[in-house]
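S.K.: Have a peek at protein01.txt (compact mmCIF, C-alpha atoms).
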```
# COMPACT_ATOMS: atom_id res chain seq x y z
CA MET L 1 0.88 -6.25 13.98
CA SER L 2 -2.42 -5.31 15.59
CA VAL L 3 -5.63 -7.17 14.80
CA GLU L 4 -8.22 -5.41 12.66
CA PRO L 5 -11.48 -4.79 14.58
CA VAL L 6 -14.50 -6.45 12.99
CA SER L 7 -16.32 -3.11 13.07
CA GLU L 8 -13.89 -1.74 10.47
CA ILE L 9 -15.01 -4.28 7.85
CA PRO L 10 -17.44 -2.62 5.37
CA LEU L 11 -20.78 -4.44 5.28
CA ASP L 12 -22.87 -2.41 2.84
CA ARG L 13 -20.93 -2.57 -0.43
CA LYS L 14 -19.66 -5.28 -2.76
CA LEU L 15 -15.96 -6.02 -2.95
CA SER L 16 -15.85 -5.24 -6.67
CA GLU L 17 -17.35 -1.76 -6.09
CA ILE L 18 -14.82 -0.88 -3.40
CA PHE L 19 -11.91 -2.17 -5.49
CA ASP L 20 -13.05 -0.27 -8.60
CA GLU L 21 -13.28 2.95 -6.58
CA GLY L 22 -9.69 2.62 -5.41
CA TYR L 23 -8.44 1.48 -8.82
CA GLY L 24 -10.03 4.49 -10.51
CA ILE L 25 -8.03 6.86 -8.28
CA PHE L 26 -4.91 4.73 -8.69
CA LYS L 27 -5.08 5.12 -12.49
CA GLN L 28 -5.38 8.89 -12.07
CA THR L 29 -2.09 8.97 -10.16
CA LEU L 30 -0.40 7.12 -13.02
CA ASP L 31 -1.74 9.53 -15.64
CA ALA L 32 -1.37 12.96 -14.06
CA GLY L 33 -0.85 12.66 -10.33
CA THR L 34 -3.37 13.56 -7.64
CA SER L 35 -3.73 15.31 -4.28
CA GLN L 36 -2.85 13.83 -0.90
CA ASN L 37 -6.55 13.78 -0.06
CA GLU L 38 -7.25 11.55 -3.07
CA ILE L 39 -4.31 9.30 -2.20
CA ASN L 40 -5.72 8.80 1.30
CA LYS L 41 -9.15 8.07 -0.17
CA CYS L 42 -7.64 5.52 -2.55
CA MET L 43 -5.76 3.80 0.29
CA ARG L 44 -8.92 3.55 2.41
CA ALA L 45 -10.75 1.86 -0.48
CA PHE L 46 -7.93 -0.64 -1.03
CA GLU L 47 -7.68 -1.29 2.72
CA ASP L 48 -11.42 -2.01 2.89
CA ALA L 49 -11.10 -4.32 -0.11
CA THR L 50 -8.22 -6.12 1.61
CA ARG L 51 -10.33 -6.65 4.73
CA LEU L 52 -13.09 -8.23 2.65
CA VAL L 53 -10.61 -10.45 0.78
CA SER L 54 -9.31 -11.62 4.14
CA LEU L 55 -12.81 -12.13 5.49
CA VAL L 56 -13.84 -14.54 2.73
CA GLY L 57 -10.49 -16.37 2.75
CA MET L 58 -10.07 -15.78 -0.97
CA PHE L 59 -6.44 -16.91 -1.24
CA SER L 60 -4.73 -19.97 0.20
CA SER L 61 -1.12 -21.17 0.18
CA ASN L 62 -2.43 -24.68 -0.55
CA GLU L 63 -3.80 -23.88 -4.01
CA SER L 64 -2.18 -23.19 -7.37
CA ILE L 65 -2.68 -20.13 -9.54
CA GLU L 66 -4.78 -22.22 -11.95
CA GLU L 67 -7.33 -22.76 -9.17
CA VAL L 68 -7.88 -19.03 -8.62
CA PRO L 69 -10.94 -17.75 -10.55
CA THR L 70 -10.06 -15.22 -13.24
CA GLU L 71 -12.07 -12.40 -11.62
CA ASN L 72 -10.18 -12.91 -8.33
CA LEU L 73 -6.70 -12.53 -9.83
CA ARG L 74 -6.85 -8.73 -9.65
CA TYR L 75 -7.29 -8.83 -5.87
CA MET L 76 -3.82 -10.35 -5.56
CA LEU L 77 -2.56 -6.90 -6.60
CA LEU L 78 -4.01 -5.17 -3.52
CA PRO L 79 -0.78 -5.11 -1.44
CA TYR L 80 1.16 -3.91 -4.50
CA TYR L 81 -1.29 -1.04 -5.07
CA LEU L 82 -1.17 -0.13 -1.37
CA GLY L 83 2.63 -0.12 -1.53
CA ARG L 84 2.57 2.25 -4.50
CA MET L 85 0.06 4.62 -2.91
CA SER L 86 1.61 4.67 0.57
CA SER L 87 5.01 5.60 -0.92
CA GLN L 88 3.40 8.83 -2.23
CA LEU L 89 2.27 10.06 1.18
CA GLN L 90 3.93 13.36 2.06
CA SER L 91 2.34 14.24 5.42
CA GLN L 92 3.84 11.23 7.23
CA ASP L 93 7.29 10.61 8.64
CA ARG L 94 9.35 9.39 5.67
CA LYS L 95 10.91 6.52 7.63
CA GLU L 96 7.42 5.28 8.50
CA VAL L 97 6.26 5.59 4.88
CA VAL L 98 9.25 3.59 3.62
CA GLU L 99 8.76 0.83 6.18
CA VAL L 100 5.04 0.45 5.42
CA SER L 101 5.67 0.38 1.65
CA GLU L 102 8.29 -2.31 2.20
CA ILE L 103 5.80 -4.45 4.15
CA TYR L 104 3.26 -4.22 1.32
CA TYR L 105 5.74 -5.08 -1.43
CA LYS L 106 7.19 -8.03 0.49
CA ASP L 107 3.71 -9.35 1.28
CA PHE L 108 2.77 -9.11 -2.42
CA LEU L 109 5.93 -10.90 -3.59
CA LYS L 110 5.57 -13.61 -0.94
CA ARG L 111 2.06 -14.48 -2.14
CA CYS L 112 3.12 -14.44 -5.79
CA GLU L 113 6.00 -16.76 -4.94
CA GLN L 114 3.63 -19.12 -3.10
CA TYR L 115 1.49 -19.31 -6.24
CA GLY L 116 4.53 -20.03 -8.41
CA LEU L 117 4.36 -16.75 -10.37
CA PHE L 118 8.11 -16.29 -9.98
CA ALA L 119 11.05 -17.93 -8.25
CA LYS L 120 13.96 -16.47 -6.28
CA PRO L 121 16.45 -16.01 -7.81
CA ASP L 122 14.92 -15.53 -11.24
CA HIS L 123 15.53 -18.74 -13.21
CA ASP L 124 16.40 -16.78 -16.36
CA THR L 125 19.59 -15.44 -14.77
CA ASP L 126 20.61 -18.43 -12.65
CA SER L 127 23.22 -19.70 -15.09
CA LEU L 128 25.09 -16.41 -15.30
CA ALA L 129 24.96 -15.85 -11.54
CA GLN L 130 26.26 -19.37 -10.88
CA ALA L 131 29.06 -18.89 -13.38
CA VAL L 132 30.24 -15.74 -11.63
CA GLU L 133 29.97 -17.40 -8.22
CA SER L 134 31.82 -20.58 -9.26
CA ALA L 135 34.63 -18.58 -10.81
CA ALA L 136 34.95 -16.58 -7.61
CA ILE L 137 35.57 -19.64 -5.44
CA VAL L 138 38.21 -21.25 -7.69
CA PRO L 139 41.70 -20.18 -6.46
CA GLY L 140 43.49 -18.10 -9.03
CA ALA L 141 40.59 -18.28 -11.47
CA MET L 142 40.27 -14.52 -11.70
CA SER L 143 41.47 -11.41 -9.94
CA ASP L 144 39.27 -9.35 -7.65
CA LYS L 145 39.07 -6.68 -10.32
CA LEU L 146 37.92 -9.18 -12.95
CA ARG L 147 35.31 -10.62 -10.60
CA GLU L 148 33.97 -7.12 -9.95
CA LEU L 149 33.78 -6.47 -13.69
CA ASN L 150 31.88 -9.73 -14.18
CA ARG L 151 29.49 -8.81 -11.39
CA MET L 152 28.84 -5.42 -12.97
CA GLY L 153 28.31 -7.11 -16.34
CA TYR L 154 25.82 -9.52 -14.77
CA GLU L 155 23.88 -6.66 -13.17
CA ARG L 156 23.86 -4.72 -16.44
CA GLN L 157 22.59 -7.74 -18.38
CA GLU L 158 19.87 -8.29 -15.77
CA LYS L 159 18.74 -4.66 -16.01
CA ILE L 160 18.57 -4.84 -19.81
CA ARG L 161 16.57 -8.09 -19.66
CA LYS L 162 14.07 -6.65 -17.18
CA TYR L 163 13.77 -3.41 -19.14
CA GLN L 164 12.94 -5.31 -22.32
CA GLU L 165 10.43 -7.50 -20.48
CA LYS L 166 8.78 -4.43 -18.93
CA LYS L 167 8.40 -2.76 -22.34
CA GLU L 168 6.82 -5.89 -23.82
CA LEU L 169 4.47 -6.22 -20.84
CA GLU L 170 3.52 -2.56 -21.03
CA GLU L 171 2.52 -2.86 -24.71
CA LYS L 172 0.56 -6.08 -24.14
CA ILE L 173 -1.23 -4.71 -21.06
CA LYS L 174 -2.21 -1.57 -22.96
CA GLU L 175 -3.64 -3.69 -25.78
CA LEU L 176 -5.58 -6.02 -23.46
CA SER L 177 -6.84 -3.21 -21.20
CA LEU L 178 -8.81 -1.76 -24.12
CA LEU L 179 -10.80 -5.00 -24.17
CA VAL L 180 -11.08 -5.85 -20.47
CA GLU L 181 -11.50 -2.46 -18.76
CA ASN L 182 -14.01 -0.95 -21.20
CA GLY L 183 -16.89 -3.11 -20.00
CA ASN L 184 -16.82 -5.43 -23.00
CA THR L 185 -18.90 -8.42 -21.87
CA GLU L 186 -17.85 -10.48 -24.89
CA VAL L 187 -14.19 -10.69 -23.89
CA ASP L 188 -12.91 -14.24 -23.96
CA GLU L 189 -12.08 -15.77 -20.55
CA ASP L 190 -8.56 -16.63 -21.70
CA ARG L 191 -7.93 -13.02 -22.73
CA LYS L 192 -9.08 -11.78 -19.32
CA ARG L 193 -6.82 -14.25 -17.56
CA GLU L 194 -3.91 -13.26 -19.78
CA TYR L 195 -4.53 -9.59 -18.94
CA TYR L 196 -4.48 -10.12 -15.17
CA SER L 197 -1.48 -12.45 -15.45
CA LYS L 198 0.44 -9.74 -17.34
CA LEU L 199 -0.54 -7.17 -14.70
CA LEU L 200 0.78 -9.47 -11.97
CA ARG L 201 4.07 -10.07 -13.79
CA ALA L 202 4.59 -6.34 -14.37
CA ALA L 203 3.80 -5.66 -10.70
CA ILE L 204 6.32 -8.33 -9.61
CA LEU L 205 9.12 -6.66 -11.58
CA GLU L 206 8.13 -3.23 -10.29
CA ALA L 207 7.93 -4.42 -6.68
CA GLN L 208 11.40 -5.99 -6.91
CA ASP L 209 12.85 -2.71 -8.19
CA GLU L 210 10.99 -0.74 -5.51
CA LEU L 211 12.43 -2.92 -2.74
CA VAL L 212 15.94 -2.22 -4.02
CA SER L 213 15.20 1.53 -3.97
CA ILE L 214 13.64 1.27 -0.52
CA GLU L 215 16.75 -0.45 0.86
CA LYS L 216 18.93 2.37 -0.46
CA GLU L 217 16.58 5.01 0.95
CA LYS L 218 16.56 3.32 4.37
CA GLN L 219 20.35 3.51 4.42
CA MET L 220 20.21 7.19 3.49
CA LEU L 221 17.60 7.94 6.17
CA ALA L 222 19.68 6.10 8.78
CA TYR L 223 22.70 8.18 7.77
CA ILE L 224 20.73 11.44 8.00
CA ALA L 225 19.32 10.41 11.39
CA GLY L 226 22.87 9.98 12.68
CA LEU L 227 23.92 13.52 11.68
CA PRO L 228 24.09 16.19 14.41
CA LYS L 229 20.95 18.29 14.69
CA ARG L 230 21.08 21.83 13.28
CA VAL L 231 19.54 24.69 15.21
CA GLU L 232 17.83 27.06 12.79
CA ASN L 233 15.46 30.00 12.97
CA ASP L 234 12.77 30.76 10.45
CA GLU L 235 14.75 33.63 8.89
CA GLY L 236 17.61 31.26 8.05
CA GLN L 237 15.43 28.62 6.47
CA GLY L 238 15.07 28.02 2.79
CA PRO L 239 11.82 27.02 1.02
CA LEU L 240 12.62 23.31 1.42
CA ASP L 241 13.25 23.67 5.18
CA ARG L 242 10.02 25.56 5.68
CA ALA L 243 8.06 23.00 3.69
CA THR L 244 9.06 20.26 6.11
CA ARG L 245 7.31 22.18 8.93
CA LYS L 246 4.08 23.02 7.14
CA HIS L 247 2.31 19.69 7.46
CA PRO L 248 0.56 18.96 10.75
CA PRO L 249 1.36 15.59 12.37
CA SER L 250 -0.72 12.69 11.04
CA ARG L 251 -1.83 9.48 12.70
CA PRO L 252 0.62 6.56 12.34
CA LEU L 253 0.36 4.34 9.28
CA LYS L 254 -0.82 0.77 9.86
CA PRO L 255 -0.42 -1.72 7.01
CA ILE L 256 -3.49 -3.84 6.16
CA ILE L 257 -2.41 -7.13 4.58
CA ILE L 258 -4.39 -10.08 3.25
CA THR L 259 -4.54 -12.44 6.18
CA ARG L 260 -6.97 -14.24 8.48
CA ASP L 261 -6.31 -13.67 12.16
CA ALA L 262 -7.61 -15.45 15.26
CA VAL L 263 -10.35 -12.89 16.00
CA GLN L 264 -11.81 -13.13 12.50
CA LYS L 265 -11.78 -16.93 12.71
CA ALA L 266 -13.54 -16.88 16.09
CA VAL L 267 -16.29 -14.58 14.79
CA TYR L 268 -16.75 -15.78 11.22
CA GLY L 269 -15.92 -19.50 11.48
CA ARG L 270 -14.24 -21.10 8.48
CA GLY L 271 -15.30 -18.35 6.08
CA TYR L 272 -16.89 -18.43 2.66
CA PRO L 273 -15.03 -20.79 0.27
CA SER L 274 -15.60 -18.84 -2.95
CA PHE L 275 -15.94 -15.32 -4.30
CA PRO L 276 -19.09 -13.60 -2.90
CA THR L 277 -21.77 -12.58 -5.39
CA MET L 278 -23.69 -10.70 -2.67
CA THR L 279 -22.84 -7.95 -0.22
CA VAL L 280 -21.07 -9.00 2.96
CA ALA L 281 -24.17 -8.03 4.99
CA GLU L 282 -26.32 -10.42 2.91
CA PHE L 283 -23.67 -13.11 3.17
CA TYR L 284 -23.58 -12.75 6.97
CA GLU L 285 -27.38 -12.99 7.27
CA GLN L 286 -27.33 -16.18 5.20
CA ARG L 287 -24.66 -17.71 7.45
CA VAL L 288 -26.69 -16.80 10.58
CA ALA L 289 -29.73 -18.55 9.09
CA GLU L 290 -27.59 -21.63 8.46
CA GLY L 291 -26.39 -21.62 12.06
CA ILE L 292 -22.72 -21.12 11.12
CA PHE L 293 -22.37 -17.56 12.45
CA PRO L 294 -23.58 -16.29 15.86
CA ASP L 295 -26.87 -14.37 15.88
CA ALA L 296 -27.24 -10.62 16.34
CA GLU L 297 -27.51 -10.81 20.14
CA LYS L 298 -24.15 -12.57 20.41
CA MET L 299 -22.61 -10.07 18.01
CA LYS L 300 -23.61 -7.04 20.12
CA GLU L 301 -20.47 -7.31 22.23
CA VAL L 302 -18.29 -7.64 19.13
CA ASN L 303 -19.89 -4.62 17.48
CA LYS L 304 -20.03 -2.40 20.57
CA ASN L 305 -17.57 0.00 18.93
CA SER L 306 -19.62 0.44 15.76
CA LEU L 307 -20.98 3.83 16.86
CA MET L 308 -17.48 5.01 17.67
CA ASN L 309 -16.41 3.76 14.25
CA ARG L 310 -19.03 6.00 12.59
CA VAL L 311 -17.80 8.96 14.63
CA TYR L 312 -14.26 8.14 13.59
CA GLN L 313 -15.27 8.04 9.91
CA ASP L 314 -17.02 11.42 10.23
CA ASN L 315 -13.96 12.88 11.94
CA ALA L 316 -11.68 11.39 9.29
CA ALA L 317 -13.74 13.02 6.52
CA GLU L 318 -13.60 16.36 8.35
CA LEU L 319 -9.84 16.04 8.86
CA ASP L 320 -9.39 15.24 5.16
CA LYS L 321 -11.31 18.40 4.25
CA GLU L 322 -9.22 20.50 6.63
CA GLN L 323 -6.02 18.95 5.33
CA GLU L 324 -7.03 19.69 1.74
CA GLN L 325 -7.69 23.33 2.67
CA GLU L 326 -4.30 23.54 4.38
CA GLU L 327 -2.60 22.09 1.30
CA LYS L 328 -4.19 24.79 -0.86
CA LEU L 329 -2.97 27.50 1.52
CA ILE L 330 0.53 26.03 1.44
CA GLU L 331 0.57 25.83 -2.37
CA GLN L 332 -0.57 29.48 -2.54
CA ASP L 333 2.10 30.52 0.03
CA ASP L 334 -0.61 32.18 2.11
CA GLU L 335 1.26 34.61 4.37
CA GLU L 336 -1.30 34.54 7.18
CA TYR L 337 -1.34 30.75 7.36
CA LEU L 338 2.46 30.47 7.27
CA ALA L 339 2.77 33.12 9.97
CA ARG L 340 0.39 31.16 12.23
CA GLN L 341 2.39 27.98 11.69
CA ARG L 342 5.68 29.73 12.52
CA ALA L 343 4.14 31.21 15.66
CA LYS L 344 2.99 27.75 16.76
CA ASP L 345 6.44 26.29 16.17
CA GLU L 346 8.11 29.11 18.11
CA PHE L 347 5.68 28.72 21.02
CA LYS L 348 6.35 24.96 21.19
CA ASP L 349 10.09 25.59 21.12
CA GLU L 350 9.93 28.10 23.98
CA HIS L 351 7.32 26.41 26.23
CA ARG L 352 7.44 22.92 27.60
CA ARG L 353 4.24 20.86 27.50
CA GLY L 354 2.10 21.55 30.60
CA GLU L 355 4.07 24.66 31.54
CA GLY L 356 1.84 27.21 33.31
CA ASN L 357 -0.77 24.62 34.34
CA ARG L 358 -0.82 25.32 38.09
CA TYR L 359 -4.51 24.69 38.84
CA ASN L 360 -5.19 22.55 41.96
CA ARG L 361 -1.48 22.22 42.71
CA SER L 362 -0.07 22.65 46.20
```
Is it possible to give me this structure as structure tokens?
M.R.:
Amino acid sequence: MSVEPVSEIPLDRKLSEIFDEGYGIFKQTLDAGTSQNEINKCMRAFEDATRLVSLVGMFSSNESIEEVPTENLRYMLLPYYLGRMSSQLQSQDRKEVVEVSEIYYKDFLKRCEQYGLFAKPDHDTDSLAQAVESAAIVPGAMSDKLRELNRMGYERQEKIRKYQEKKELEEKIKELSLLVENGNTEVDEDRKREYYSKLLRAAILEAQDELVSIEKEKQMLAYIAGLPKRVENDEGQGPLDRATRKHPPSRPLKPIIITRDAVQKAVYGRGYPSFPTMTVAEFYEQRVAEGIFPDAEKMKEVNKNSLMNRVYQDNAAELDKEQEQEEKLIEQDDEEYLARQRAKDEFKDEHRRGEGNRYNRS
């Protein structure tokens, strides 16, 4: 996985502000869905928040969940939120989307396991699973058919247990969210911690189910990829076939996970040991004054791409606007736009790249 450039780390906003921006969009997708442009905006906010969490070294495999401050618990959900949002992307290659979502969910579950929030396999179903397994290895204990029935019964019982737990969590989270998310400053610390703990548990169950679905989808995509290619013209295509050709190619997805790489360590030293109450820019200036971080002259080489980063952000905003306009044209079945897209596809099919470029050739 490639290293994140330091220039991509936001320095002018607080972590809580960036997280709240992304979470606000995330809640909209749960309530009524949202556009691809909003999904991309949400992912950028969560990716920036993840970079800041990594920068300050907020989480460590050497600490327990009791040592994590209550306000920091919500940032453990970042990879889960990114997994949920990335799975909704429609303008990317589906195989790429599935693989990136899988990385996020696995990263989230790994950190939760390190903090003891759950164990693999789930301790609540160990006894039943061991009973089925022990019966399977005793000669003559049961027939293959009976073992299969027991396995199916175990899976059914596990699904019922998780469904009941999810319903209970959903009701409790809804009750606690009215207190915590409405800006009530008088909320008890224990209630806040309970709320975030319930969110984490619900996300763990959801991530486990999503990984099962992802594994099945990967198998399906591998099967489809192995099928012989069909040659079709536009007249023979249905609405679903045409829809797959409407979206212009997008840049590859790159997962941003909570980690601290060698470059960040070399630039920022050991990092800030607790949650920042100031902006990252203020925090950096304080560390320079203390002699822990290099001064501005030494950072010029590191930040030499900052101007290009601004250009990239401007271009990204412009591309988002163009993509949103294209989505509207597609939804309205604009004949002129669709005709242009078909003409482009036909031209690419009939002309090889570089064909006709004969300038300065012998």
S.K.: Return the single residue from L:Leu146, L:Ile103, L:Leu338, L:Leu176 that is closest to Glu194 of chain L, with distances computed using all atoms listed in the file.
M.R.: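 Of all the options, L:Leu176 lies closest to Glu194 of chain L.
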S.K.: If you count all atoms listed in the file, which residues fall within 9 Å of Tyr80 of chain L, apart from same-chain ones fewer than 2 positions away, as a PyMOL selection string?
M.R.: chain L and resi 76-78+82-85+101+104-109+203-204+207
S.K.: What is the distance, in Å and to one decimal place, between atom CA of Tyr196 of chain L and atom CA of Glu99 of chain L?
M.R.: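 Computing the Euclidean distance for atom CA of Tyr196 of chain L and atom CA of Glu99 of chain L yields 27.4 Å.
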S.K.: Restricting the calculation to all atoms listed in the file, which member of L:Asp20, L:Glu217, L:Glu206, L:Glu102 is positioned closest to Ile257 of chain L?
M.R.: L:Glu102
S.K.: Tell me, as a ChimeraX atom specification, which residues lie within 7 Å of Ile173 of chain L, counting only C-alpha atoms; anything in the same chain fewer than 3 positions away does not count.
M.R.: /L:169-170,176-177,195,198-199
S.K.: Generate the output file for the selected residues, C-alpha atoms, as a PDB file, keeping the file's coordinate frame.
M.R.:
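part_12.pdb, written as the output of this step:
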```
ATOM      1  CA  LEU L 169       4.470  -6.220 -20.840  1.00  0.00           C
ATOM      2  CA  GLU L 170       3.520  -2.560 -21.030  1.00  0.00           C
ATOM      3  CA  LEU L 176      -5.580  -6.020 -23.460  1.00  0.00           C
ATOM      4  CA  SER L 177      -6.840  -3.210 -21.200  1.00  0.00           C
ATOM      5  CA  TYR L 195      -4.530  -9.590 -18.940  1.00  0.00           C
ATOM      6  CA  LYS L 198       0.440  -9.740 -17.340  1.00  0.00           C
ATOM      7  CA  LEU L 199      -0.540  -7.170 -14.700  1.00  0.00           C
TER       8      LEU L 199
END
```
S.K.: How far is it from atom CA of Ile330 of chain L to atom CA of Phe46 of chain L, in Å with one decimal?
M.R.: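 The value is 28.1 Å.
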S.K.: Could you write out as lines of an AutoDock Vina configuration file the box around segment 177-180 of chain L (axis-aligned, all atoms listed in the file, 4 Å on each side), with centre and edge lengths in Å to one decimal?
M.R.:
```
center_x = -9.0
center_y = -3.8
center_z = -22.3
size_x = 12.2
size_y = 12.1
size_z = 11.7
```
S.K.: Rounded to one decimal place, report the atom CA of Ser91 of chain L-atom CA of Arg74 of chain L distance in Å.
M.R.: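 Atom CA of Arg74 of chain L lies 29.0 Å from atom CA of Ser91 of chain L.
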